[in-house]
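> This is the content of target_27.cif (mmCIF, C-alpha atoms):
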data_start
#
loop_
_atom_site.group_PDB
_atom_site.id
_atom_site.type_symbol
_atom_site.label_atom_id
_atom_site.label_comp_id
_atom_site.auth_asym_id
_atom_site.auth_seq_id
_atom_site.Cartn_x
_atom_site.Cartn_y
_atom_site.Cartn_z
ATOM 1 C CA MET H 1 13.962 3.452 72.836
ATOM 2 C CA SER H 2 16.435 0.820 71.690
ATOM 3 C CA GLU H 3 18.617 1.347 68.644
ATOM 4 C CA CYS H 4 17.125 0.043 65.382
ATOM 5 C CA THR H 5 18.694 -3.189 64.146
ATOM 6 C CA HIS H 6 16.983 -2.934 60.732
ATOM 7 C CA ASN H 7 15.591 -6.443 61.244
ATOM 8 C CA CYS H 8 11.827 -6.219 61.678
ATOM 9 C CA GLU H 9 11.540 -9.963 62.326
ATOM 10 C CA THR H 10 13.405 -9.701 65.643
ATOM 11 C CA CYS H 11 12.392 -6.184 66.633
ATOM 12 C CA GLY H 12 9.445 -5.580 68.960
ATOM 13 C CA SER H 13 9.093 -1.860 68.278
ATOM 14 C CA ASP H 14 6.078 -0.589 66.364
ATOM 15 C CA CYS H 15 7.735 2.144 64.334
ATOM 16 C CA SER H 16 6.917 3.791 61.041
ATOM 17 C CA GLU H 17 9.698 1.845 59.310
ATOM 18 C CA ARG H 18 8.047 -1.522 59.969
ATOM 19 C CA THR H 19 6.582 -2.896 56.740
ATOM 20 C CA ALA H 20 4.272 -5.768 55.838
ATOM 21 C CA GLU H 21 6.975 -7.176 53.577
ATOM 22 C CA SER H 22 9.105 -7.919 56.652
ATOM 23 C CA LEU H 23 6.636 -10.685 57.563
ATOM 24 C CA LEU H 24 7.230 -12.592 54.326
ATOM 25 C CA ALA H 25 8.826 -15.987 54.832
ATOM 26 C CA PRO H 26 11.772 -16.848 52.567
ATOM 27 C CA LEU H 27 11.042 -19.278 49.772
ATOM 28 C CA ASN H 28 13.145 -22.430 49.696
ATOM 29 C CA LYS H 29 16.502 -21.543 48.134
ATOM 30 C CA ASP H 30 16.148 -24.184 45.395
ATOM 31 C CA SER H 31 12.719 -22.960 44.316
ATOM 32 C CA SER H 32 11.255 -20.285 42.091
ATOM 33 C CA VAL H 33 7.543 -19.468 42.249
ATOM 34 C CA LYS H 34 6.363 -16.743 39.877
ATOM 35 C CA LYS H 35 2.735 -16.316 40.986
ATOM 36 C CA VAL H 36 0.845 -17.376 44.119
ATOM 37 C CA ILE H 37 -2.949 -17.637 43.955
ATOM 38 C CA ALA H 38 -4.909 -18.305 47.154
ATOM 39 C CA VAL H 39 -8.293 -20.025 46.889
ATOM 40 C CA VAL H 40 -10.466 -19.127 49.860
ATOM 41 C CA SER H 41 -13.979 -19.609 51.196
ATOM 42 C CA GLY H 42 -15.974 -18.200 54.082
ATOM 43 C CA LYS H 43 -17.123 -21.640 55.213
ATOM 44 C CA GLY H 44 -16.385 -25.278 54.541
ATOM 45 C CA GLY H 45 -18.117 -27.647 52.162
ATOM 46 C CA VAL H 46 -18.441 -25.279 49.199
ATOM 47 C CA GLY H 47 -15.986 -27.053 46.885
ATOM 48 C CA LYS H 48 -12.912 -24.895 47.407
ATOM 49 C CA SER H 49 -10.483 -27.800 47.040
ATOM 50 C CA MET H 50 -12.194 -28.920 43.840
ATOM 51 C CA VAL H 51 -11.922 -25.421 42.371
ATOM 52 C CA THR H 52 -8.244 -25.300 43.384
ATOM 53 C CA SER H 53 -7.640 -28.617 41.626
ATOM 54 C CA LEU H 54 -9.530 -27.610 38.486
ATOM 55 C CA LEU H 55 -7.626 -24.334 38.130
ATOM 56 C CA ALA H 56 -4.264 -26.054 38.602
ATOM 57 C CA VAL H 57 -5.203 -28.579 35.922
ATOM 58 C CA LEU H 58 -6.381 -25.857 33.523
ATOM 59 C CA MET H 59 -3.147 -23.908 33.848
ATOM 60 C CA GLN H 60 -1.123 -27.111 33.456
ATOM 61 C CA ARG H 61 -3.009 -27.771 30.220
ATOM 62 C CA ARG H 62 -1.869 -24.333 29.028
ATOM 63 C CA ASP H 63 1.734 -25.526 29.382
ATOM 64 C CA TYR H 64 2.448 -23.768 32.657
ATOM 65 C CA LYS H 65 4.197 -25.478 35.542
ATOM 66 C CA THR H 66 1.675 -25.604 38.385
ATOM 67 C CA ALA H 67 1.802 -26.551 42.043
ATOM 68 C CA ILE H 68 -0.653 -26.823 44.922
ATOM 69 C CA LEU H 69 0.216 -25.990 48.509
ATOM 70 C CA ASP H 70 -2.505 -27.637 50.582
ATOM 71 C CA ALA H 71 -2.922 -25.238 53.510
ATOM 72 C CA ASP H 72 -6.048 -26.987 54.782
ATOM 73 C CA ILE H 73 -4.071 -29.001 57.326
ATOM 74 C CA THR H 74 -7.004 -30.477 59.258
ATOM 75 C CA GLY H 75 -9.068 -31.277 56.168
ATOM 76 C CA PRO H 76 -6.655 -32.073 53.326
ATOM 77 C CA SER H 77 -8.320 -33.395 50.179
ATOM 78 C CA ILE H 78 -5.979 -32.414 47.344
ATOM 79 C CA PRO H 79 -4.029 -35.728 47.313
ATOM 80 C CA GLN H 80 -7.238 -37.706 46.905
ATOM 81 C CA ALA H 81 -8.435 -35.535 44.013
ATOM 82 C CA PHE H 82 -5.180 -36.240 42.159
ATOM 83 C CA GLY H 83 -4.976 -39.891 43.187
ATOM 84 C CA LEU H 84 -1.692 -39.411 45.058
ATOM 85 C CA LYS H 85 -0.664 -42.299 47.284
ATOM 86 C CA THR H 86 3.122 -41.813 47.318
ATOM 87 C CA LYS H 87 4.507 -40.183 50.451
ATOM 88 C CA ALA H 88 6.594 -37.020 50.256
ATOM 89 C CA GLU H 89 10.307 -37.694 50.601
ATOM 90 C CA SER H 90 13.005 -35.750 52.419
ATOM 91 C CA THR H 91 16.499 -34.837 51.262
ATOM 92 C CA GLY H 92 17.591 -34.457 54.862
ATOM 93 C CA GLU H 93 17.393 -30.685 54.592
ATOM 94 C CA ALA H 94 14.138 -30.199 52.700
ATOM 95 C CA LEU H 95 10.958 -31.933 51.567
ATOM 96 C CA LEU H 96 10.148 -32.925 48.007
ATOM 97 C CA PRO H 97 6.590 -32.439 46.708
ATOM 98 C CA VAL H 98 4.740 -35.323 45.095
ATOM 99 C CA LYS H 99 4.085 -34.947 41.379
ATOM 100 C CA SER H 100 0.728 -35.871 39.850
ATOM 101 C CA LYS H 101 0.394 -37.990 36.714
ATOM 102 C CA LEU H 102 0.310 -34.905 34.479
ATOM 103 C CA GLY H 103 2.930 -32.895 36.340
ATOM 104 C CA THR H 104 1.278 -30.766 39.035
ATOM 105 C CA GLU H 105 3.393 -30.721 42.200
ATOM 106 C CA VAL H 106 1.547 -31.134 45.491
ATOM 107 C CA MET H 107 2.477 -30.771 49.144
ATOM 108 C CA SER H 108 -0.111 -31.754 51.726
ATOM 109 C CA VAL H 109 -0.013 -33.027 55.282
ATOM 110 C CA ASN H 110 -1.678 -36.218 54.039
ATOM 111 C CA LEU H 111 1.493 -36.920 52.067
ATOM 112 C CA LEU H 112 3.419 -36.944 55.355
ATOM 113 C CA LEU H 113 1.073 -38.957 57.597
ATOM 114 C CA GLN H 114 1.545 -42.688 57.973
ATOM 115 C CA ASN H 115 -2.177 -43.206 57.353
ATOM 116 C CA GLU H 116 -4.129 -40.650 55.334
ATOM 117 C CA SER H 117 -7.145 -41.118 57.628
ATOM 118 C CA ASP H 118 -5.180 -40.123 60.750
ATOM 119 C CA PRO H 119 -6.612 -36.899 62.233
ATOM 120 C CA VAL H 120 -4.424 -33.841 62.691
ATOM 121 C CA ILE H 121 -5.199 -32.573 66.189
ATOM 122 C CA TRP H 122 -3.027 -29.478 66.470
ATOM 123 C CA ARG H 123 -3.518 -26.003 67.844
ATOM 124 C CA GLY H 124 -3.624 -22.943 65.610
ATOM 125 C CA PRO H 125 0.027 -21.834 65.879
ATOM 126 C CA ILE H 126 1.276 -25.308 64.925
ATOM 127 C CA LEU H 127 -1.090 -25.428 61.949
ATOM 128 C CA ALA H 128 0.107 -22.009 60.806
ATOM 129 C CA GLY H 129 3.741 -22.988 61.295
ATOM 130 C CA THR H 130 3.285 -26.116 59.199
ATOM 131 C CA VAL H 131 1.843 -24.101 56.321
ATOM 132 C CA LYS H 132 4.787 -21.709 56.491
ATOM 133 C CA GLN H 133 7.171 -24.690 56.372
ATOM 134 C CA PHE H 134 5.456 -25.912 53.207
ATOM 135 C CA TRP H 135 6.726 -22.657 51.668
ATOM 136 C CA THR H 136 10.183 -22.480 53.210
ATOM 137 C CA ASP H 137 11.184 -26.163 53.501
ATOM 138 C CA VAL H 138 9.832 -27.684 50.269
ATOM 139 C CA VAL H 139 11.884 -27.837 47.074
ATOM 140 C CA TRP H 140 9.282 -26.669 44.559
ATOM 141 C CA GLY H 141 11.678 -26.100 41.682
ATOM 142 C CA ASP H 142 10.454 -23.733 38.960
ATOM 143 C CA VAL H 143 6.720 -23.034 39.293
ATOM 144 C CA ASP H 144 4.701 -20.637 37.152
ATOM 145 C CA TYR H 145 1.504 -20.748 39.215
ATOM 146 C CA MET H 146 1.172 -22.004 42.771
ATOM 147 C CA PHE H 147 -2.376 -22.431 44.074
ATOM 148 C CA VAL H 148 -2.857 -22.395 47.833
ATOM 149 C CA ASP H 149 -5.883 -24.384 48.986
ATOM 150 C CA MET H 150 -6.868 -22.480 52.115
ATOM 151 C CA PRO H 151 -8.872 -23.687 55.104
ATOM 152 C CA PRO H 152 -12.284 -22.013 55.399
ATOM 153 C CA GLY H 153 -12.770 -18.845 57.380
ATOM 154 C CA THR H 154 -10.498 -16.004 58.448
ATOM 155 C CA GLY H 155 -8.447 -17.579 61.239
ATOM 156 C CA ASP H 156 -4.790 -18.292 62.003
ATOM 157 C CA VAL H 157 -3.860 -20.179 58.848
ATOM 158 C CA PRO H 158 -5.376 -17.760 56.285
ATOM 159 C CA LEU H 159 -3.742 -14.867 58.130
ATOM 160 C CA THR H 160 -0.393 -16.678 58.095
ATOM 161 C CA VAL H 161 -0.665 -17.333 54.356
ATOM 162 C CA PHE H 162 -1.554 -13.727 53.564
ATOM 163 C CA GLN H 163 1.291 -12.370 55.693
ATOM 164 C CA SER H 164 4.006 -14.979 55.050
ATOM 165 C CA LEU H 165 3.517 -15.810 51.365
ATOM 166 C CA PRO H 166 3.696 -13.288 48.492
ATOM 167 C CA VAL H 167 0.078 -13.836 47.448
ATOM 168 C CA ASP H 168 -0.604 -12.178 44.086
ATOM 169 C CA GLY H 169 -4.352 -12.713 44.005
ATOM 170 C CA ILE H 170 -7.324 -14.400 45.634
ATOM 171 C CA ILE H 171 -10.187 -16.448 44.252
ATOM 172 C CA VAL H 172 -13.248 -16.697 46.492
ATOM 173 C CA VAL H 173 -15.453 -19.806 46.305
ATOM 174 C CA ALA H 174 -19.068 -19.786 47.470
ATOM 175 C CA SER H 175 -22.345 -21.636 47.217
ATOM 176 C CA PRO H 176 -25.664 -19.960 46.372
ATOM 177 C CA GLN H 177 -27.332 -19.817 49.806
ATOM 178 C CA GLU H 178 -27.934 -16.331 51.162
ATOM 179 C CA LEU H 179 -26.258 -17.105 54.507
ATOM 180 C CA VAL H 180 -23.163 -18.313 52.714
ATOM 181 C CA SER H 181 -23.171 -15.146 50.635
ATOM 182 C CA MET H 182 -22.993 -13.122 53.855
ATOM 183 C CA ILE H 183 -20.028 -15.240 54.964
ATOM 184 C CA VAL H 184 -18.422 -14.765 51.558
ATOM 185 C CA GLN H 185 -18.421 -11.040 52.176
ATOM 186 C CA LYS H 186 -16.251 -11.642 55.245
ATOM 187 C CA ALA H 187 -13.681 -13.385 53.044
ATOM 188 C CA VAL H 188 -13.855 -10.570 50.484
ATOM 189 C CA LYS H 189 -13.403 -7.931 53.170
ATOM 190 C CA MET H 190 -10.440 -9.821 54.649
ATOM 191 C CA ALA H 191 -8.765 -9.782 51.241
ATOM 192 C CA GLU H 192 -9.344 -6.040 51.023
ATOM 193 C CA MET H 193 -7.943 -5.509 54.518
ATOM 194 C CA MET H 194 -4.818 -7.486 53.568
ATOM 195 C CA ASN H 195 -4.552 -5.383 50.389
ATOM 196 C CA ILE H 196 -4.554 -8.418 48.088
ATOM 197 C CA PRO H 197 -6.485 -8.193 44.798
ATOM 198 C CA ILE H 198 -9.440 -10.503 44.244
ATOM 199 C CA ILE H 199 -9.214 -12.184 40.853
ATOM 200 C CA GLY H 200 -12.820 -13.360 40.879
ATOM 201 C CA LEU H 201 -15.645 -15.278 42.502
ATOM 202 C CA VAL H 202 -16.604 -18.877 41.809
ATOM 203 C CA GLU H 203 -20.083 -20.023 42.711
ATOM 204 C CA ASN H 204 -20.111 -23.804 43.088
ATOM 205 C CA MET H 205 -23.322 -25.867 42.981
ATOM 206 C CA SER H 206 -24.871 -22.928 41.170
ATOM 207 C CA TYR H 207 -27.402 -25.003 39.252
ATOM 208 C CA PHE H 208 -28.282 -28.470 38.056
ATOM 209 C CA GLU H 209 -28.642 -29.037 34.324
ATOM 210 C CA CYS H 210 -31.143 -31.738 33.410
ATOM 211 C CA PRO H 211 -29.438 -34.313 31.176
ATOM 212 C CA ASP H 212 -32.721 -34.953 29.330
ATOM 213 C CA CYS H 213 -34.051 -31.490 28.521
ATOM 214 C CA GLY H 214 -31.032 -29.287 29.236
ATOM 215 C CA LYS H 215 -33.008 -26.993 31.548
ATOM 216 C CA LYS H 216 -31.090 -25.455 34.444
ATOM 217 C CA HIS H 217 -32.597 -25.864 37.903
ATOM 218 C CA LYS H 218 -31.418 -23.716 40.840
ATOM 219 C CA ILE H 219 -31.552 -26.312 43.599
ATOM 220 C CA PHE H 220 -30.355 -23.943 46.342
ATOM 221 C CA GLY H 221 -32.448 -20.972 45.263
ATOM 222 C CA GLU H 222 -31.545 -17.765 43.502
ATOM 223 C CA SER H 223 -27.900 -16.805 43.348
ATOM 224 C CA HIS H 224 -26.576 -13.716 45.134
ATOM 225 C CA ILE H 225 -23.084 -13.903 43.722
ATOM 226 C CA ASP H 226 -23.667 -11.269 41.026
ATOM 227 C CA GLU H 227 -24.900 -8.820 43.661
ATOM 228 C CA ILE H 228 -21.757 -9.341 45.742
ATOM 229 C CA ALA H 229 -19.559 -8.992 42.663
ATOM 230 C CA GLU H 230 -21.218 -5.708 41.755
ATOM 231 C CA LYS H 231 -21.021 -4.431 45.331
ATOM 232 C CA TYR H 232 -17.276 -4.969 45.483
ATOM 233 C CA GLY H 233 -16.509 -4.102 41.873
ATOM 234 C CA LEU H 234 -15.521 -7.655 40.888
ATOM 235 C CA LYS H 235 -15.977 -8.369 37.182
ATOM 236 C CA ASN H 236 -14.981 -12.014 36.940
ATOM 237 C CA VAL H 237 -17.637 -14.490 38.106
ATOM 238 C CA ALA H 238 -17.760 -18.198 37.277
ATOM 239 C CA LYS H 239 -20.651 -20.547 38.005
ATOM 240 C CA LEU H 240 -20.024 -24.258 38.447
ATOM 241 C CA PRO H 241 -22.970 -26.650 38.099
ATOM 242 C CA MET H 242 -23.805 -29.570 40.329
ATOM 243 C CA ASN H 243 -22.046 -32.227 38.285
ATOM 244 C CA ASN H 244 -21.752 -35.811 39.463
ATOM 245 C CA LYS H 245 -18.860 -36.422 37.076
ATOM 246 C CA LEU H 246 -16.749 -33.802 38.850
ATOM 247 C CA SER H 247 -17.428 -35.184 42.308
ATOM 248 C CA ALA H 248 -16.807 -38.715 41.043
ATOM 249 C CA ALA H 249 -13.481 -37.601 39.525
ATOM 250 C CA CYS H 250 -12.389 -36.113 42.875
ATOM 251 C CA ASP H 251 -13.303 -39.322 44.683
ATOM 252 C CA ALA H 252 -11.541 -41.485 42.099
ATOM 253 C CA GLY H 253 -8.409 -39.338 41.920
ATOM 254 C CA THR H 254 -8.919 -38.506 38.246
ATOM 255 C CA ILE H 255 -9.558 -34.763 38.427
ATOM 256 C CA GLU H 256 -6.882 -34.195 35.767
ATOM 257 C CA LEU H 257 -9.169 -35.843 33.202
ATOM 258 C CA PHE H 258 -12.160 -33.530 33.741
ATOM 259 C CA ASP H 259 -13.956 -32.023 30.767
ATOM 260 C CA GLY H 260 -15.706 -28.646 31.015
ATOM 261 C CA ASP H 261 -15.240 -24.950 30.226
ATOM 262 C CA TRP H 262 -16.830 -23.431 33.355
ATOM 263 C CA LEU H 263 -13.545 -21.977 34.647
ATOM 264 C CA ASP H 264 -11.905 -21.059 31.342
ATOM 265 C CA GLN H 265 -12.582 -17.332 31.826
ATOM 266 C CA MET H 266 -11.154 -17.502 35.341
ATOM 267 C CA ALA H 267 -8.035 -19.188 33.935
ATOM 268 C CA ASP H 268 -7.792 -16.370 31.368
ATOM 269 C CA CYS H 269 -7.744 -13.798 34.161
ATOM 270 C CA ILE H 270 -5.098 -15.749 36.075
ATOM 271 C CA GLU H 271 -2.991 -15.987 32.940
#
Translate the structure described by the file into structure tokens.

Amino acid sequence: MSECTHNCETCGSDCSERTAESLLAPLNKDSSVKKVIAVVSGKGGVGKSMVTSLLAVLMQRRDYKTAILDADITGPSIPQAFGLKTKAESTGEALLPVKSKLGTEVMSVNLLLQNESDPVIWRGPILAGTVKQFWTDVVWGDVDYMFVDMPPGTGDVPLTVFQSLPVDGIIVVASPQELVSMIVQKAVKMAEMMNIPIIGLVENMSYFECPDCGKKHKIFGESHIDEIAEKYGLKNVAKLPMNNKLSAACDAGTIELFDGDWLDQMADCIE
């Protein structure tokens, strides 16, 4: 057995001294990030990026400095939600995030591409490496809450984020369908396996509220989110309605102007 070098990053031995902390990537030297919140989903198309954007805006409104690391490299949508068209600039040694109109800092691959519609056709290790670079090579400055918009599922990139970034908590986003609820449990179990606390569950498209009579209609059937929350001992559950104003705000790049209290309790827990 070779002599221990006390550097787990370069050592191939699987000894009792190896710790999970040794996998953490160093934050950019000119940055300070107090809390990292990952927003995850078991599958795509459930509104994870919208929830990420809404939470960042809510915390910004509470006078905290917020940032979004867009880890969904192949399907980045954060820049569009905030109406960001300016490209990220480089100092020669590091990248500078793009700041939204109200102050949220964003780094996304779409802020680096020549054309935002250009596809990113990379293999898993390159995707994971890019996400890690968004942590190590971006000058974030002083950030109170960084939200990481994760790609769906439990593959290379989510694993890289959980191992390389000091994630303080996870928010799981789901839709009401029973199949999706089963997939949500995979995301919840992954969080448990990585020993990261789950802050709460957000059920998007939970219901539609009639603008005429105010009655709530469950378009996708009965919700199972409360059952999952009870099963895993999760107390904080938020339910987002199907709201055309929210989707229109994401498309128009005006998410910072949204009006609604659906995620206020979730923001309380984050705070």
> Quick one: contact table of stretch 98-197 of chain H to stretch 57-64 of chain H, 10 Å max, nearest atom pair and distance in Å to one decimal per residue, counting only C-alpha atoms, chain and number order, as a tab-separated table?

residue	atom	partner	partner_atom	distance
H:Leu102	CA	H:Gln60	CA	8.0
H:Gly103	CA	H:Gln60	CA	7.6
H:Thr104	CA	H:Gln60	CA	7.1
H:Val143	CA	H:Tyr64	CA	7.9
H:Asp144	CA	H:Tyr64	CA	5.9
H:Tyr145	CA	H:Tyr64	CA	7.3
> What's around stretch 153-166 of chain H at 9 Å? Count all atoms listed in the file, leave out sequence neighbours fewer than 4 positions away in its own chain, and write the answer as a ChimeraX atom specification.
/H:20-27,35-36,38,40-44,71-73,124-125,127-129,131-132,135,148,183,186-187,190-191,194,196
> Export, as a JSON list (two decimals), in the coordinates of the input, the selected residues with C-alpha atoms.

[["chain", "number", "residue", "atom", "x", "y", "z"],
["H", 20, "ALA", "CA", 4.27, -5.77, 55.84],
["H", 21, "GLU", "CA", 6.98, -7.18, 53.58],
["H", 22, "SER", "CA", 9.10, -7.92, 56.65],
["H", 23, "LEU", "CA", 6.64, -10.68, 57.56],
["H", 24, "LEU", "CA", 7.23, -12.59, 54.33],
["H", 25, "ALA", "CA", 8.83, -15.99, 54.83],
["H", 26, "PRO", "CA", 11.77, -16.85, 52.57],
["H", 27, "LEU", "CA", 11.04, -19.28, 49.77],
["H", 35, "LYS", "CA", 2.74, -16.32, 40.99],
["H", 36, "VAL", "CA", 0.84, -17.38, 44.12],
["H", 38, "ALA", "CA", -4.91, -18.30, 47.15],
["H", 40, "VAL", "CA", -10.47, -19.13, 49.86],
["H", 41, "SER", "CA", -13.98, -19.61, 51.20],
["H", 42, "GLY", "CA", -15.97, -18.20, 54.08],
["H", 43, "LYS", "CA", -17.12, -21.64, 55.21],
["H", 44, "GLY", "CA", -16.39, -25.28, 54.54],
["H", 71, "ALA", "CA", -2.92, -25.24, 53.51],
["H", 72, "ASP", "CA", -6.05, -26.99, 54.78],
["H", 73, "ILE", "CA", -4.07, -29.00, 57.33],
["H", 124, "GLY", "CA", -3.62, -22.94, 65.61],
["H", 125, "PRO", "CA", 0.03, -21.83, 65.88],
["H", 127, "LEU", "CA", -1.09, -25.43, 61.95],
["H", 128, "ALA", "CA", 0.11, -22.01, 60.81],
["H", 129, "GLY", "CA", 3.74, -22.99, 61.30],
["H", 131, "VAL", "CA", 1.84, -24.10, 56.32],
["H", 132, "LYS", "CA", 4.79, -21.71, 56.49],
["H", 135, "TRP", "CA", 6.73, -22.66, 51.67],
["H", 148, "VAL", "CA", -2.86, -22.40, 47.83],
["H", 183, "ILE", "CA", -20.03, -15.24, 54.96],
["H", 186, "LYS", "CA", -16.25, -11.64, 55.24],
["H", 187, "ALA", "CA", -13.68, -13.38, 53.04],
["H", 190, "MET", "CA", -10.44, -9.82, 54.65],
["H", 191, "ALA", "CA", -8.76, -9.78, 51.24],
["H", 194, "MET", "CA", -4.82, -7.49, 53.57],
["H", 196, "ILE", "CA", -4.55, -8.42, 48.09]]
> Carefully work through the PyMOL selection byres ((chain H and resi 168) around 6) for this structure and note down the residues it includes, as a count of residues only.
4
> Which residues fall under the PyMOL selection byres ((chain H and resi 110) around 9) in this file, as a VMD selection string?
chain H and resid 73 76 to 79 87 107 to 109 111 to 118
> Can you check which parts of stretch 123-212 of chain H lie within 12 Å of stretch 255-262 of chain H? Per residue, the shortest pair of atoms and distance in Å to one decimal, counting all atoms listed in the file, sorted by chain and number, as CSV.

residue,atom,partner,partner_atom,distance
H:Val202,CA,H:Trp262,CA,9.6
H:Glu203,CA,H:Trp262,CA,10.5
H:Asn204,CA,H:Trp262,CA,10.3
H:Met205,CA,H:Trp262,CA,11.9
H:Ser206,CA,H:Trp262,CA,11.2
> Point out the residue among H:Thr52, H:Asn243, H:Ser181, H:Asn28 with the least atom-to-atom distance to H:Ala81, counting only C-alpha atoms.
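Closest residue, counting only C-alpha atoms: H:Thr52.
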> Which value, in Å to one decimal, gives the distance between atom CA of H:Thr130 and atom CA of H:Lys65?
23.7 Å
> Quick one: residues within 9 Å of stretch 220-237 of chain H, only C-alpha atoms, excluding same-chain residues fewer than 4 positions away - as a list in words?
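My list of contacting residues is Ala174, Ser175, Pro176, Gln177, Glu178, Ser181, Val184, Gln185, Val188, Ile198, Ile199, Gly200, Leu201, Val202, Glu203, Met205, Ser206, Tyr207, Gln265, Met266 and Cys269 of chain H.
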> Using all atoms listed in the file, find the one residue out of H:Val33, H:Met182, H:Met193, H:Val106 that sits nearest to H:Asp142.
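Distance minimum relative to H:Asp142 lands on H:Val33.
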> Compare H:Leu263, H:Gly75, H:Lys216, H:Val173 by their minimum atom-to-atom distance to H:Ile121, counting all atoms listed in the file, and give me the closest one.
H:Gly75
> Distance atom CA of H:Asp137-atom CA of H:Ser90, one decimal place?
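A separation of 9.8 Å between them.
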> Measure the distance from atom CA of H:Asp268 to atom CA of H:Ser53 in Å and round it to one decimal.
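Atom-to-atom, atom CA of H:Asp268 and atom CA of H:Ser53 are spaced 16.0 Å apart.
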> Given only C-alpha atoms as the basis, pick out the residue of H:Met146, H:Val39, H:Ser32, H:Asp70 nearest to H:Val51.
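Using only C-alpha atoms, H:Val51 sits closest to H:Val39.
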> Take every atom of stretch 66-78 of chain H listed in the file, pad by 5 Å on each side, and give me the axis-aligned box centre and edge lengths in Å, one decimal, as JSON.

{"center_x": -3.6, "center_y": -29.3, "center_z": 48.8, "size_x": 20.9, "size_y": 18.2, "size_z": 30.9}
> Determine, counting all atoms listed in the file, which protein, DNA and RNA residues have an atom within 7 Å of an atom of stretch 94-96 of chain H; residues of the same chain fewer than 6 positions away are not included. Present the result as a PyMOL selection string.
chain H and resi 88+137-139
> Take the residues that were just selected and, keeping C-alpha atoms, output them as a JSON list (two decimals), in the frame of the given file.

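Resulting contents of result_16.json:
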[["chain", "number", "residue", "atom", "x", "y", "z"],
["H", 88, "ALA", "CA", 6.59, -37.02, 50.26],
["H", 137, "ASP", "CA", 11.18, -26.16, 53.50],
["H", 138, "VAL", "CA", 9.83, -27.68, 50.27],
["H", 139, "VAL", "CA", 11.88, -27.84, 47.07]]
> Fix up stretch 161-165 of chain H with all heavy atoms, then write it as a PDB file, in the coordinates of the input.

ATOM      1  N   VAL H 161      -0.917 -17.272  55.800  1.00  0.00           N
ATOM      2  CA  VAL H 161      -0.665 -17.333  54.356  1.00  0.00           C
ATOM      3  C   VAL H 161      -0.578 -15.929  53.768  1.00  0.00           C
ATOM      4  O   VAL H 161       0.350 -15.597  53.019  1.00  0.00           O
ATOM      5  CB  VAL H 161      -1.755 -18.144  53.638  1.00  0.00           C
ATOM      6  CG1 VAL H 161      -1.616 -18.014  52.121  1.00  0.00           C
ATOM      7  CG2 VAL H 161      -1.679 -19.609  54.036  1.00  0.00           C
ATOM      8  N   PHE H 162      -1.528 -15.073  54.129  1.00  0.00           N
ATOM      9  CA  PHE H 162      -1.554 -13.727  53.564  1.00  0.00           C
ATOM     10  C   PHE H 162      -0.343 -12.906  53.992  1.00  0.00           C
ATOM     11  O   PHE H 162       0.137 -12.050  53.245  1.00  0.00           O
ATOM     12  CB  PHE H 162      -2.841 -12.999  53.973  1.00  0.00           C
ATOM     13  CG  PHE H 162      -4.081 -13.548  53.335  1.00  0.00           C
ATOM     14  CD1 PHE H 162      -5.315 -13.430  53.952  1.00  0.00           C
ATOM     15  CD2 PHE H 162      -4.015 -14.187  52.112  1.00  0.00           C
ATOM     16  CE1 PHE H 162      -6.463 -13.925  53.358  1.00  0.00           C
ATOM     17  CE2 PHE H 162      -5.154 -14.696  51.508  1.00  0.00           C
ATOM     18  CZ  PHE H 162      -6.384 -14.566  52.132  1.00  0.00           C
ATOM     19  N   GLN H 163       0.170 -13.153  55.195  1.00  0.00           N
ATOM     20  CA  GLN H 163       1.291 -12.370  55.693  1.00  0.00           C
ATOM     21  C   GLN H 163       2.649 -12.974  55.334  1.00  0.00           C
ATOM     22  O   GLN H 163       3.620 -12.252  55.174  1.00  0.00           O
ATOM     23  CB  GLN H 163       1.188 -12.221  57.213  1.00  0.00           C
ATOM     24  CG  GLN H 163       0.053 -11.333  57.677  1.00  0.00           C
ATOM     25  CD  GLN H 163       0.051 -11.129  59.177  1.00  0.00           C
ATOM     26  OE1 GLN H 163       0.470 -12.002  59.927  1.00  0.00           O
ATOM     27  NE2 GLN H 163      -0.429  -9.985  59.623  1.00  0.00           N
ATOM     28  N   SER H 164       2.713 -14.307  55.222  1.00  0.00           N
ATOM     29  CA  SER H 164       4.006 -14.979  55.050  1.00  0.00           C
ATOM     30  C   SER H 164       4.319 -15.316  53.607  1.00  0.00           C
ATOM     31  O   SER H 164       5.493 -15.468  53.250  1.00  0.00           O
ATOM     32  CB  SER H 164       4.048 -16.263  55.892  1.00  0.00           C
ATOM     33  OG  SER H 164       3.845 -15.985  57.254  1.00  0.00           O
ATOM     34  N   LEU H 165       3.306 -15.475  52.764  1.00  0.00           N
ATOM     35  CA  LEU H 165       3.517 -15.810  51.365  1.00  0.00           C
ATOM     36  C   LEU H 165       3.221 -14.590  50.491  1.00  0.00           C
ATOM     37  O   LEU H 165       2.299 -13.824  50.804  1.00  0.00           O
ATOM     38  CB  LEU H 165       2.623 -16.976  50.930  1.00  0.00           C
ATOM     39  CG  LEU H 165       3.126 -18.392  51.180  1.00  0.00           C
ATOM     40  CD1 LEU H 165       3.306 -18.658  52.665  1.00  0.00           C
ATOM     41  CD2 LEU H 165       2.159 -19.426  50.583  1.00  0.00           C
TER      42      LEU H 165
END
